[in-house]
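Participant: Contents of query-v8.tsv (TSV, C-alpha atoms):
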chain	number	residue	atom	x	y	z
W	1	MET	CA	2.15	-37.38	-18.27
W	2	ASN	CA	-0.58	-35.64	-20.26
W	3	PHE	CA	-2.58	-32.43	-19.81
W	4	ASP	CA	-5.51	-34.18	-18.07
W	5	GLU	CA	-3.18	-35.69	-15.48
W	6	LEU	CA	-1.73	-32.27	-14.83
W	7	LEU	CA	-5.20	-30.82	-14.33
W	8	ASP	CA	-6.09	-33.63	-11.92
W	9	ALA	CA	-2.97	-32.91	-9.89
W	10	TRP	CA	-3.81	-29.22	-9.94
W	11	LYS	CA	-7.40	-29.71	-8.78
W	12	ALA	CA	-6.29	-32.01	-5.97
W	13	GLN	CA	-4.77	-28.92	-4.30
W	14	ASP	CA	-8.26	-27.65	-3.47
W	15	ASP	CA	-8.93	-30.66	-1.22
W	16	LYS	CA	-5.38	-31.01	0.02
W	17	PRO	CA	-3.63	-27.62	-0.05
W	18	LEU	CA	0.09	-27.39	-0.68
W	19	TYR	CA	0.94	-26.17	2.79
W	20	ALA	CA	-0.61	-26.35	6.25
W	21	VAL	CA	-1.36	-22.84	7.56
W	22	ASN	CA	-0.46	-21.94	11.14
W	23	HIS	CA	-3.71	-20.21	12.10
W	24	ASP	CA	-2.46	-19.04	15.50
W	25	LEU	CA	0.42	-17.17	13.92
W	26	LEU	CA	-1.90	-15.74	11.28
W	27	GLN	CA	-4.22	-14.45	14.01
W	28	LEU	CA	-1.26	-12.87	15.73
W	29	VAL	CA	-0.24	-11.15	12.49
W	30	LEU	CA	-3.77	-9.80	12.06
W	31	ARG	CA	-3.95	-8.48	15.60
W	32	HIS	CA	-0.59	-6.82	15.04
W	33	GLU	CA	-1.96	-5.23	11.86
W	34	GLN	CA	-5.13	-3.98	13.60
W	35	THR	CA	-3.12	-2.42	16.39
W	36	GLY	CA	-0.78	-0.82	13.87
W	37	ILE	CA	-3.64	0.70	11.89
W	38	ARG	CA	-5.32	2.14	14.96
W	39	HIS	CA	-2.02	3.52	16.20
W	40	GLU	CA	-1.22	5.10	12.83
W	41	LEU	CA	-4.68	6.67	12.51
W	42	ARG	CA	-4.53	8.10	15.99
W	43	ARG	CA	-1.03	9.46	15.38
W	44	GLU	CA	-1.97	11.12	12.09
W	45	GLN	CA	-5.08	12.69	13.54
W	46	TRP	CA	-3.25	13.91	16.60
W	47	VAL	CA	-0.34	15.40	14.68
W	48	THR	CA	-2.41	17.09	11.99
W	49	TYR	CA	-5.33	18.47	13.87
W	50	GLY	CA	-3.82	18.68	17.37
W	51	LEU	CA	-0.73	20.58	16.30
W	52	GLY	CA	-2.59	22.74	13.79
W	53	ALA	CA	-5.39	23.58	16.23
W	54	GLY	CA	-2.99	24.18	19.12
W	55	MET	CA	-0.71	26.55	17.27
W	56	GLY	CA	-3.55	28.13	15.35
W	57	GLY	CA	-5.34	28.69	18.66
W	58	ALA	CA	-2.24	30.33	20.14
W	59	ALA	CA	-1.94	32.60	17.11
W	60	ALA	CA	-5.65	33.42	17.37
W	61	LEU	CA	-5.17	34.28	21.05
W	62	PHE	CA	-2.44	36.74	20.10
W	63	LEU	CA	-4.73	38.20	17.46
W	64	TRP	CA	-7.58	38.55	19.93
W	65	ALA	CA	-5.26	40.21	22.49
W	66	PHE	CA	-3.93	42.73	19.96
W	67	VAL	CA	-7.43	43.55	18.74
W	68	TYR	CA	-8.94	43.73	22.24
W	69	PHE	CA	-6.13	45.82	23.75
W	70	ARG	CA	-5.71	47.83	20.55
W	71	GLY	CA	-2.12	46.76	19.99
W	72	PRO	CA	0.15	48.01	17.21
W	73	VAL	CA	-1.26	47.53	13.73
W	74	LEU	CA	1.86	45.65	12.59
W	75	TYR	CA	1.60	43.10	15.42
W	76	THR	CA	-2.11	42.65	14.81
W	77	ALA	CA	-1.50	42.08	11.13
W	78	LEU	CA	1.27	39.56	11.86
W	79	ALA	CA	-0.90	37.69	14.37
W	80	ALA	CA	-3.67	37.57	11.75
W	81	ALA	CA	-1.19	36.26	9.18
W	82	GLY	CA	0.00	33.57	11.62
W	83	THR	CA	-3.57	32.46	12.35
W	84	ALA	CA	-4.36	32.41	8.64
W	85	ALA	CA	-1.22	30.35	7.90
W	86	PHE	CA	-2.26	27.60	10.34
W	87	ALA	CA	-5.88	27.68	9.22
W	88	TRP	CA	-4.77	27.47	5.57
W	89	TRP	CA	-2.48	24.52	6.34
W	90	MET	CA	-5.23	22.53	8.07
W	91	ALA	CA	-7.85	23.37	5.45
W	92	ALA	CA	-5.49	22.57	2.57
W	93	LEU	CA	-4.53	19.24	4.13
W	94	TRP	CA	-8.14	18.30	4.75
W	95	LEU	CA	-9.23	19.30	1.24
W	96	SER	CA	-6.27	17.52	-0.31
W	97	LEU	CA	-7.08	14.28	1.56
W	98	GLN	CA	-10.77	14.52	0.58
W	99	ARG	CA	-9.87	15.08	-3.08
W	100	GLN	CA	-7.48	12.12	-3.04
W	101	ARG	CA	-10.11	9.84	-1.44
W	102	ARG	CA	-12.63	10.86	-4.13
W	103	ARG	CA	-10.03	10.18	-6.83
W	104	GLU	CA	-9.29	6.71	-5.40
W	105	ARG	CA	-12.99	5.84	-5.24
W	106	GLU	CA	-13.29	6.45	-8.98
W	107	PHE	CA	-11.18	3.38	-9.77
W	108	GLY	CA	-12.79	-0.02	-10.23
W	109	THR	CA	-11.79	-3.35	-8.71
W	110	THR	CA	-10.01	-5.08	-11.58
W	111	LEU	CA	-6.29	-5.65	-11.24
W	112	ARG	CA	-5.60	-2.98	-13.86
W	113	GLU	CA	-7.72	-0.47	-11.93
W	114	GLU	CA	-6.07	-1.47	-8.65
W	115	VAL	CA	-2.65	-0.83	-10.15
W	116	ALA	CA	-3.85	2.52	-11.49
W	117	ARG	CA	-5.24	3.34	-8.03
W	118	ASN	CA	-1.88	2.51	-6.45
W	119	ILE	CA	-0.12	4.75	-8.96
W	120	ALA	CA	-2.57	7.58	-8.18
W	121	LEU	CA	-1.83	7.16	-4.48
W	122	LEU	CA	1.92	7.25	-5.09
W	123	ASP	CA	1.49	10.30	-7.33
W	124	TYR	CA	-0.33	11.99	-4.47
W	125	GLN	CA	2.32	11.08	-1.90
W	126	LEU	CA	5.09	12.22	-4.21
W	127	SER	CA	3.24	15.46	-4.97
W	128	ARG	CA	3.15	16.21	-1.23
W	129	TYR	CA	6.66	15.21	-0.27
W	130	GLY	CA	8.50	14.07	-3.33
W	131	ARG	CA	9.35	17.42	-4.81
W	132	TRP	CA	11.23	20.25	-3.21
W	133	GLY	CA	8.66	22.88	-4.20
W	134	ALA	CA	5.73	20.77	-3.01
W	135	ALA	CA	7.42	20.00	0.29
W	136	MET	CA	8.00	23.72	0.79
W	137	ARG	CA	4.36	24.43	-0.04
W	138	TRP	CA	3.19	22.02	2.67
W	139	THR	CA	5.80	22.92	5.27
W	140	ALA	CA	6.08	26.65	4.69
W	141	PRO	CA	2.70	27.68	6.21
W	142	VAL	CA	3.47	25.84	9.46
W	143	LEU	CA	6.94	27.31	9.68
W	144	VAL	CA	5.79	30.81	8.75
W	145	GLY	CA	3.02	30.57	11.36
W	146	ALA	CA	5.42	29.25	14.00
W	147	GLY	CA	8.00	31.92	13.13
W	148	LEU	CA	5.46	34.74	13.41
W	149	LEU	CA	4.14	33.35	16.67
W	150	PHE	CA	7.60	33.13	18.16
W	151	TRP	CA	8.56	36.59	16.97
W	152	LEU	CA	5.37	38.07	18.45
W	153	ALA	CA	6.00	36.29	21.75
W	154	VAL	CA	9.51	37.75	21.86
W	155	GLU	CA	8.26	41.24	21.00
W	156	VAL	CA	5.49	41.19	23.59
W	157	ASN	CA	7.82	40.01	26.36
W	158	PHE	CA	10.75	42.18	25.27
W	159	ASP	CA	12.48	44.07	28.09
W	160	GLU	CA	14.67	47.10	27.71
W	161	GLY	CA	18.33	46.13	27.96
W	162	GLU	CA	17.79	42.78	26.32
W	163	SER	CA	19.20	42.16	22.93
W	164	ARG	CA	16.98	40.78	20.21
W	165	TRP	CA	19.95	38.66	19.16
W	166	ASP	CA	19.39	36.59	22.33
W	167	ASN	CA	16.48	34.99	20.56
W	168	ALA	CA	18.07	34.85	17.12
W	169	TRP	CA	19.02	31.19	17.60
W	170	MET	CA	15.36	30.19	17.59
W	171	MET	CA	14.72	32.02	14.34
W	172	PHE	CA	17.81	30.35	12.92
W	173	ILE	CA	16.44	26.92	13.87
W	174	LEU	CA	13.12	27.74	12.22
W	175	VAL	CA	14.79	28.86	9.00
W	176	TRP	CA	17.08	25.83	9.05
W	177	ALA	CA	14.08	23.55	9.61
W	178	ALA	CA	12.23	25.28	6.77
W	179	VAL	CA	15.03	24.38	4.38
W	180	PHE	CA	16.44	21.13	5.74
W	181	LEU	CA	13.29	19.19	6.69
W	182	PRO	CA	11.48	19.46	3.33
W	183	ARG	CA	14.75	18.74	1.52
W	184	SER	CA	15.56	15.60	3.51
W	185	SER	CA	11.98	14.30	3.52
W	186	SER	CA	11.75	14.97	-0.22
W	187	ARG	CA	14.89	12.87	-0.86
W	188	GLU	CA	13.79	10.07	1.44
W	189	VAL	CA	10.28	9.82	0.02
W	190	GLN	CA	11.53	9.88	-3.55
W	191	LYS	CA	14.03	7.12	-2.77
W	192	GLN	CA	11.27	4.96	-1.31
W	193	LEU	CA	8.39	5.66	-3.65
W	194	GLU	CA	9.87	6.35	-7.06
W	195	PRO	CA	11.09	2.76	-7.73
W	196	ARG	CA	7.70	1.44	-6.64
W	197	ARG	CA	5.88	3.86	-8.96
W	198	GLN	CA	8.18	2.87	-11.81
W	199	ARG	CA	7.51	-0.80	-11.19
W	200	LEU	CA	3.73	-0.24	-11.12
W	201	ARG	CA	3.91	1.71	-14.38
W	202	GLU	CA	5.77	-1.18	-15.99
W	203	LEU	CA	3.13	-3.54	-14.67
W	204	LEU	CA	0.38	-1.36	-16.12
W	205	GLU	CA	2.18	-1.35	-19.47
W	206	ALA	CA	2.45	-5.15	-19.33
W	207	LEU	CA	-1.29	-5.37	-18.66
W	208	ASP	CA	-2.06	-2.99	-21.52
W	209	ALA	CA	0.27	-4.77	-23.96
W	210	GLY	CA	-1.70	-6.46	-26.71
W	211	GLU	CA	-4.93	-4.56	-26.03
Q	1	MET	CA	-17.90	-2.88	10.13
Q	2	GLN	CA	-16.63	-4.07	13.52
Q	3	ASP	CA	-13.28	-5.88	13.75
Q	4	GLY	CA	-15.01	-8.97	15.20
Q	5	GLU	CA	-17.36	-9.28	12.23
Q	6	ARG	CA	-14.52	-8.66	9.80
Q	7	ASN	CA	-12.36	-11.31	11.50
Q	8	GLN	CA	-15.20	-13.82	11.37
Q	9	ILE	CA	-15.72	-13.32	7.61
Q	10	PHE	CA	-11.98	-13.44	7.01
Q	11	GLU	CA	-11.57	-16.68	8.94
Q	12	GLY	CA	-14.41	-18.20	6.93
Q	13	TRP	CA	-12.71	-17.19	3.68
Q	14	ILE	CA	-9.35	-18.60	4.75
Q	15	GLU	CA	-10.88	-21.83	5.99
Q	16	ALA	CA	-12.84	-22.47	2.81
Q	17	HIS	CA	-10.52	-21.01	0.18
Q	18	LYS	CA	-6.99	-21.07	1.56
Q	19	ALA	CA	-5.89	-23.06	-1.49
Q	20	ILE	CA	-6.14	-19.88	-3.61
Q	21	PRO	CA	-3.64	-17.69	-1.68
Q	22	LEU	CA	-1.41	-20.74	-1.30
Q	23	LYS	CA	-1.37	-21.36	-5.06
Q	24	VAL	CA	-0.66	-17.70	-5.75
Q	25	ALA	CA	2.09	-17.57	-3.12
Q	26	ARG	CA	3.62	-20.75	-4.56
Q	27	ALA	CA	3.49	-19.36	-8.11
Q	28	TYR	CA	5.00	-15.95	-7.28
Q	29	GLY	CA	7.39	-16.74	-4.42
Q	30	ALA	CA	10.75	-18.10	-5.44
Q	31	THR	CA	11.73	-19.51	-2.04
Q	32	HIS	CA	9.80	-20.84	0.95
Q	33	ALA	CA	10.54	-17.66	2.89
Q	34	ASP	CA	9.16	-15.61	-0.03
Q	35	ARG	CA	6.02	-17.74	-0.11
Q	36	GLU	CA	5.44	-17.33	3.61
Q	37	ASP	CA	5.93	-13.60	3.27
Q	38	LEU	CA	3.64	-13.32	0.27
Q	39	PHE	CA	0.97	-15.55	1.83
Q	40	GLN	CA	0.96	-13.32	4.87
Q	41	GLU	CA	0.71	-10.19	2.73
Q	42	ILE	CA	-2.19	-11.71	0.76
Q	43	ALA	CA	-3.92	-12.69	4.01
Q	44	LEU	CA	-3.55	-9.12	5.31
Q	45	GLN	CA	-4.87	-7.63	2.07
Q	46	LEU	CA	-7.80	-10.06	2.15
Q	47	TRP	CA	-8.57	-9.01	5.70
Q	48	HIS	CA	-8.50	-5.36	4.59
Q	49	SER	CA	-10.72	-6.17	1.60
Q	50	VAL	CA	-13.54	-7.74	3.63
Q	51	GLU	CA	-15.19	-4.35	4.05
Q	52	ALA	CA	-15.06	-3.61	0.32
Q	53	PHE	CA	-16.62	-6.96	-0.69
Q	54	ARG	CA	-20.19	-6.30	-1.82
Q	55	GLY	CA	-21.04	-9.77	-3.05
Q	56	ASP	CA	-21.23	-8.67	-6.72
Q	57	ALA	CA	-18.74	-11.40	-7.63
Q	58	ALA	CA	-18.21	-14.91	-6.29
Q	59	VAL	CA	-15.99	-15.10	-3.20
Q	60	THR	CA	-13.42	-17.19	-5.10
Q	61	THR	CA	-13.22	-14.51	-7.83
Q	62	TRP	CA	-12.76	-11.83	-5.20
Q	63	ILE	CA	-10.05	-13.77	-3.36
Q	64	TYR	CA	-8.21	-14.43	-6.61
Q	65	ARG	CA	-8.44	-10.76	-7.53
Q	66	VAL	CA	-7.00	-9.61	-4.20
Q	67	ALA	CA	-4.35	-12.36	-4.14
Q	68	LEU	CA	-3.13	-11.69	-7.69
Q	69	ASN	CA	-3.11	-7.95	-7.16
Q	70	THR	CA	-1.02	-8.39	-4.02
Q	71	ALA	CA	1.34	-10.86	-5.67
Q	72	MET	CA	1.96	-8.69	-8.71
Q	73	THR	CA	2.70	-5.59	-6.69
Q	74	TRP	CA	4.63	-7.41	-3.97
Q	75	ARG	CA	8.37	-7.39	-3.60
Q	76	ARG	CA	10.26	-9.08	-0.83
Q	77	ARG	CA	12.66	-6.16	-0.56
Q	78	GLU	CA	9.77	-3.90	0.47
Q	79	ARG	CA	9.15	-5.99	3.55
Q	80	LYS	CA	12.75	-5.68	4.63
Q	81	HIS	CA	12.73	-1.92	4.30
Q	82	GLY	CA	9.05	-1.46	5.05
Q	83	THR	CA	7.19	-0.36	8.11
Q	84	GLY	CA	8.13	-3.44	10.10
Q	85	ARG	CA	4.55	-4.61	10.44
Q	86	HIS	CA	5.54	-8.05	9.14
Q	87	ASP	CA	8.12	-8.75	11.79
Q	88	LEU	CA	6.04	-11.59	13.18
Q	89	ALA	CA	6.37	-13.60	9.99
Q	90	ALA	CA	10.11	-13.07	9.88
Q	91	ALA	CA	10.36	-15.79	12.51
Q	92	GLY	CA	8.84	-18.22	9.96
Q	93	GLY	CA	6.49	-21.11	10.62
Q	94	LEU	CA	3.39	-19.64	8.99
Q	95	LEU	CA	3.33	-22.35	6.32
Q	96	ALA	CA	4.36	-25.95	6.97
Q	97	GLU	CA	6.08	-27.66	4.03
Q	98	PRO	CA	4.40	-30.85	2.76
Q	99	ASP	CA	6.00	-34.20	3.62
Q	100	VAL	CA	5.49	-35.57	0.12
Q	101	ARG	CA	5.66	-33.48	-3.03
Q	102	ASP	CA	3.71	-34.29	-6.16
Q	103	PRO	CA	6.21	-34.16	-9.07
Q	104	ARG	CA	3.41	-33.18	-11.46
Q	105	LEU	CA	2.64	-30.09	-9.37
Q	106	GLU	CA	6.32	-29.25	-9.16
Q	107	TRP	CA	6.45	-29.44	-12.95
Q	108	ILE	CA	3.43	-27.13	-13.38
Q	109	TYR	CA	4.78	-24.54	-10.94
Q	110	ALA	CA	8.16	-24.63	-12.66
Q	111	ARG	CA	6.46	-23.87	-15.99
Q	112	ILE	CA	4.35	-21.11	-14.41
Q	113	ALA	CA	7.49	-19.55	-12.95
Q	114	GLU	CA	8.91	-19.21	-16.47
Q	115	LEU	CA	6.02	-16.91	-17.49
Q	116	ASP	CA	5.90	-13.15	-17.03
Q	117	GLU	CA	3.80	-11.74	-14.16
Q	118	VAL	CA	0.61	-11.17	-16.13
Q	119	ASN	CA	0.69	-14.55	-17.88
Q	120	ARG	CA	1.42	-16.23	-14.56
Q	121	SER	CA	-1.91	-14.89	-13.27
Q	122	LEU	CA	-3.69	-16.06	-16.38
Q	123	ALA	CA	-2.15	-19.53	-16.11
Q	124	LEU	CA	-3.40	-19.88	-12.52
Q	125	LEU	CA	-6.91	-18.75	-13.49
Q	126	MET	CA	-6.92	-21.02	-16.55
Q	127	LEU	CA	-5.91	-24.06	-14.49
Q	128	ASP	CA	-8.67	-23.27	-12.00
Q	129	GLY	CA	-11.20	-23.24	-14.81
Q	130	PHE	CA	-12.14	-19.56	-14.93
Q	131	SER	CA	-13.82	-18.37	-18.14
Q	132	TYR	CA	-12.22	-15.73	-20.40
Q	133	ARG	CA	-14.90	-13.35	-19.20
Q	134	ASP	CA	-14.05	-13.96	-15.52
Q	135	MET	CA	-10.32	-13.60	-16.23
Q	136	SER	CA	-11.02	-10.40	-18.11
Q	137	GLN	CA	-12.99	-9.02	-15.15
Q	138	ILE	CA	-10.42	-10.07	-12.58
Q	139	LEU	CA	-7.42	-8.65	-14.41
Q	140	GLY	CA	-9.03	-5.75	-16.26
Q	141	LEU	CA	-7.87	-7.02	-19.66
Q	142	GLY	CA	-9.94	-7.27	-22.83
Q	143	GLU	CA	-11.40	-10.71	-23.53
Q	144	SER	CA	-9.60	-10.94	-26.86
Q	145	ASN	CA	-6.30	-10.13	-25.16
Q	146	VAL	CA	-7.01	-12.84	-22.58
Q	147	GLY	CA	-7.79	-15.29	-25.38
Q	148	VAL	CA	-4.57	-14.57	-27.25
Q	149	ARG	CA	-2.46	-14.90	-24.11
Q	150	ILE	CA	-4.19	-18.12	-22.97
Q	151	ASN	CA	-3.67	-19.70	-26.38
Q	152	ARG	CA	0.02	-18.88	-26.22
Q	153	ILE	CA	0.30	-20.29	-22.68
Q	154	LYS	CA	-1.49	-23.49	-23.70
Q	155	ALA	CA	0.70	-23.86	-26.77
Q	156	ALA	CA	3.86	-23.38	-24.72
Q	157	LEU	CA	2.66	-25.91	-22.12
Q	158	ALA	CA	1.73	-28.43	-24.80
Q	159	ALA	CA	5.10	-27.99	-26.49
Q	160	ARG	CA	6.95	-28.60	-23.21
Q	161	LEU	CA	4.78	-31.61	-22.41
Q	162	GLY	CA	5.36	-33.04	-25.87
Q	163	LYS	CA	9.10	-32.48	-25.64
Q	164	GLU	CA	9.35	-34.12	-22.21
Q	165	GLU	CA	7.26	-37.10	-23.33
Q	166	HIS	CA	9.57	-37.45	-26.32
Q	167	ASP	CA	12.63	-37.23	-24.06
Q	168	GLU	CA	11.17	-39.87	-21.72
Q	169	LEU	CA	10.79	-42.26	-24.66
Would it be possible to restate this file's structure as structure tokens?
Facilitator:
Amino acid sequence: MNFDELLDAWKAQDDKPLYAVNHDLLQLVLRHEQTGIRHELRREQWVTYGLGAGMGGAAALFLWAFVYFRGPVLYTALAAAGTAAFAWWMAALWLSLQRQRRREREFGTTLREEVARNIALLDYQLSRYGRWGAAMRWTAPVLVGAGLLFWLAVEVNFDEGESRWDNAWMMFILVWAAVFLPRSSSREVQKQLEPRRQRLRELLEALDAGE
Amino acid sequence: MQDGERNQIFEGWIEAHKAIPLKVARAYGATHADREDLFQEIALQLWHSVEAFRGDAAVTTWIYRVALNTAMTWRRRERKHGTGRHDLAAAGGLLAEPDVRDPRLEWIYARIAELDEVNRSLALLMLDGFSYRDMSQILGLGESNVGVRINRIKAALAARLGKEEHDEL
């Protein structure tokens, strides 16, 4: 066996591929992928903008009511803070996604650039969820807004004879969520993404070796 | 781009150039299940890439680029703990094994499997006759780096061939 014979055997694969592909199953996989993408996009859009707009709208309604009916200054200020917290969350998320898309577009199409693009994407995901502080930064505005909204709702509907402690459980849940959710998501995301980022960095080093 | 148009282009690519993802899957997958899994992942990434293809490079270069990128960043473990989008392939049957195997091809793939990930890509491109310039553009390496690596791969292949011919005698 010599090198030319090897090359002949290699080239014969183009006319007679190694395996027969089951096209029906491949089509099924693709349809599954398309459905998954649409579902994921719809879910993300709904969660981000639906939840933000809904709760921001509720906070804005409180604000409008306090301004219109000349409510206490403290309540008005808190309603304004709640509205601002939701608006800030949505704007920050939108800006952050735009910035990340611009950053990803700057990479080329070579394998090295693709690997670098993947690392940039992982860096972005880890910066949002992977660190405790970052997770707090992204979760805190929503929780602060929700907390203020709930507290205002309790205050507005407060009857004499009721105890404010009756509603303390809800505030406790909000505080618990503010601490537990970012902490658990931070751990989970790091566990999933950090090994992948490490592997991609090693791959990038292997590509750069000998340059 | 509409899904229908994308699907049509993708099917054309697979029909005409399926040998490329199959070679890459064979070179990077250790077992048949791995190869099926990797072939499916490459096919999905190719389908995603249809929109990004501007025709600046030849279709074969593009397919190789996507396939190698997928193979080098792919790990079977990810599928198991991933989003579950690949469940369909878990049942198997995407690739039918050949009835007769060419021992020369088995030998080449065994040698390719001994190389590291980057050199494995270069070996595939070299065997398919890509120029140093094309390899450099596909992998994002300098041409001199490609040249040095290819020379080493060729020397290692020649040494193994020589040794096996000697052993046969």
Participant: CA of Ala19 in chain Q to CA of Asp102 in chain Q: how many Å, to one decimal?
Facilitator: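 Going from CA of Ala19 in chain Q over to CA of Asp102 in chain Q covers 15.5 Å.
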Participant: If we draw a sphere of 8 Å around (-0.5, -4.5, -5.1), which residues have at least one atom in it when counting all atoms listed in the file? Please report them as a VMD selection string.
Facilitator: (chain W and resid 114 to 115 118) or (chain Q and resid 69 to 74)
Participant: Counting all atoms listed in the file, which residues in chain W sit no more than 8 Å from chain Q? For each one, give the nearest pair of atoms and the distance in Å, sorted by chain then residue number, as a Markdown table.
Facilitator:
| residue | atom | partner | partner_atom | distance |
| --- | --- | --- | --- | --- |
| W:Met1 | CA | Q:Glu165 | CA | 7.2 |
| W:Asn2 | CA | Q:Leu161 | CA | 7.0 |
| W:Phe3 | CA | Q:Ala158 | CA | 7.7 |
| W:Leu6 | CA | Q:Arg104 | CA | 6.2 |
| W:Leu7 | CA | Q:Leu127 | CA | 6.8 |
| W:Ala9 | CA | Q:Leu105 | CA | 6.3 |
| W:Trp10 | CA | Q:Leu105 | CA | 6.5 |
| W:Lys11 | CA | Q:Asp128 | CA | 7.3 |
| W:Gln13 | CA | Q:Ala19 | CA | 6.6 |
| W:Asp14 | CA | Q:Ala19 | CA | 5.5 |
| W:Pro17 | CA | Q:Ala19 | CA | 5.3 |
| W:Leu18 | CA | Q:Pro98 | CA | 6.5 |
| W:Tyr19 | CA | Q:Ala96 | CA | 5.4 |
| W:Ala20 | CA | Q:Ala96 | CA | 5.0 |
| W:Val21 | CA | Q:Leu95 | CA | 4.9 |
| W:Asn22 | CA | Q:Leu94 | CA | 5.0 |
| W:His23 | CA | Q:Leu94 | CA | 7.8 |
| W:Leu25 | CA | Q:Leu94 | CA | 6.3 |
| W:Leu26 | CA | Q:Leu94 | CA | 7.0 |
| W:Leu28 | CA | Q:Leu88 | CA | 7.8 |
| W:Val29 | CA | Q:Leu88 | CA | 6.3 |
| W:Leu30 | CA | Q:Leu44 | CA | 6.8 |
| W:His32 | CA | Q:Arg85 | CA | 7.2 |
| W:Glu33 | CA | Q:Arg85 | CA | 6.7 |
| W:Gly36 | CA | Q:Arg85 | CA | 7.4 |
| W:Thr109 | CA | Q:Ile138 | CA | 7.9 |
| W:Thr110 | CA | Q:Gly140 | CA | 4.8 |
| W:Leu111 | CA | Q:Leu139 | CA | 4.5 |
| W:Arg112 | CA | Q:Gly140 | CA | 5.0 |
| W:Glu113 | CA | Q:Gly140 | CA | 7.0 |
| W:Glu114 | CA | Q:Asn69 | CA | 7.3 |
| W:Val115 | CA | Q:Asn69 | CA | 7.7 |
| W:Leu200 | CA | Q:Thr73 | CA | 7.0 |
| W:Leu203 | CA | Q:Met72 | CA | 8.0 |
| W:Ala206 | CA | Q:Val118 | CA | 7.1 |
| W:Leu207 | CA | Q:Val118 | CA | 6.6 |
| W:Asp208 | CA | Q:Leu141 | CA | 7.3 |
| W:Gly210 | CA | Q:Asn145 | CA | 6.1 |
| W:Glu211 | CA | Q:Asn145 | CA | 5.8 |
Participant: Could you tell me how far CA of Ala81 in chain W sits from CA of Leu63 in chain W, in Å to one decimal place?
Facilitator: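 According to the coordinates, CA of Leu63 in chain W and CA of Ala81 in chain W are separated by 9.2 Å.
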Participant: Measure the distance from CA of Ala65 in chain W to CA of Ala178 in chain W in Å and round it to one decimal.
Facilitator: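 Distance reported for this atom pair: 27.9 Å.
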Participant: Residues within 10 Å of Gly56 in chain W, please, as a PyMOL selection string. Count only C-alpha atoms; anything in the same chain fewer than 3 positions from it doesn't count.
Facilitator: chain W and resi 49-53+59-62+79+82-90+142+145-146+149
Participant: Have a look at W:Leu174, W:Leu193, W:Ala12, W:Leu152 and name the one nearest to Ile119 in chain W; count all atoms listed in the file.
Facilitator: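 Closest residue, counting all atoms listed in the file: W:Leu193.
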Participant: Using all atoms listed in the file, which of Q:Leu38, Q:Gly29, Q:Phe10, Q:Ala110 sits nearest Ile63 in chain Q?
Facilitator: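 Looking only at the distances to Ile63 in chain Q, the closest residue turns out to be Q:Phe10.
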Participant: Might you pull out every residue within 10 Å of Gln100 in chain W, with only C-alpha atoms counted and same-chain residues fewer than 5 positions away left off, and present them as a JSON list (two decimals) with C-alpha atoms, in the frame of the given file?
Facilitator:
[["chain", "number", "residue", "atom", "x", "y", "z"],
["W", 94, "TRP", "CA", -8.14, 18.30, 4.75],
["W", 95, "LEU", "CA", -9.23, 19.30, 1.24],
["W", 105, "ARG", "CA", -12.99, 5.84, -5.24],
["W", 120, "ALA", "CA", -2.57, 7.58, -8.18],
["W", 121, "LEU", "CA", -1.83, 7.16, -4.48],
["W", 124, "TYR", "CA", -0.33, 11.99, -4.47],
["W", 125, "GLN", "CA", 2.32, 11.08, -1.90]]
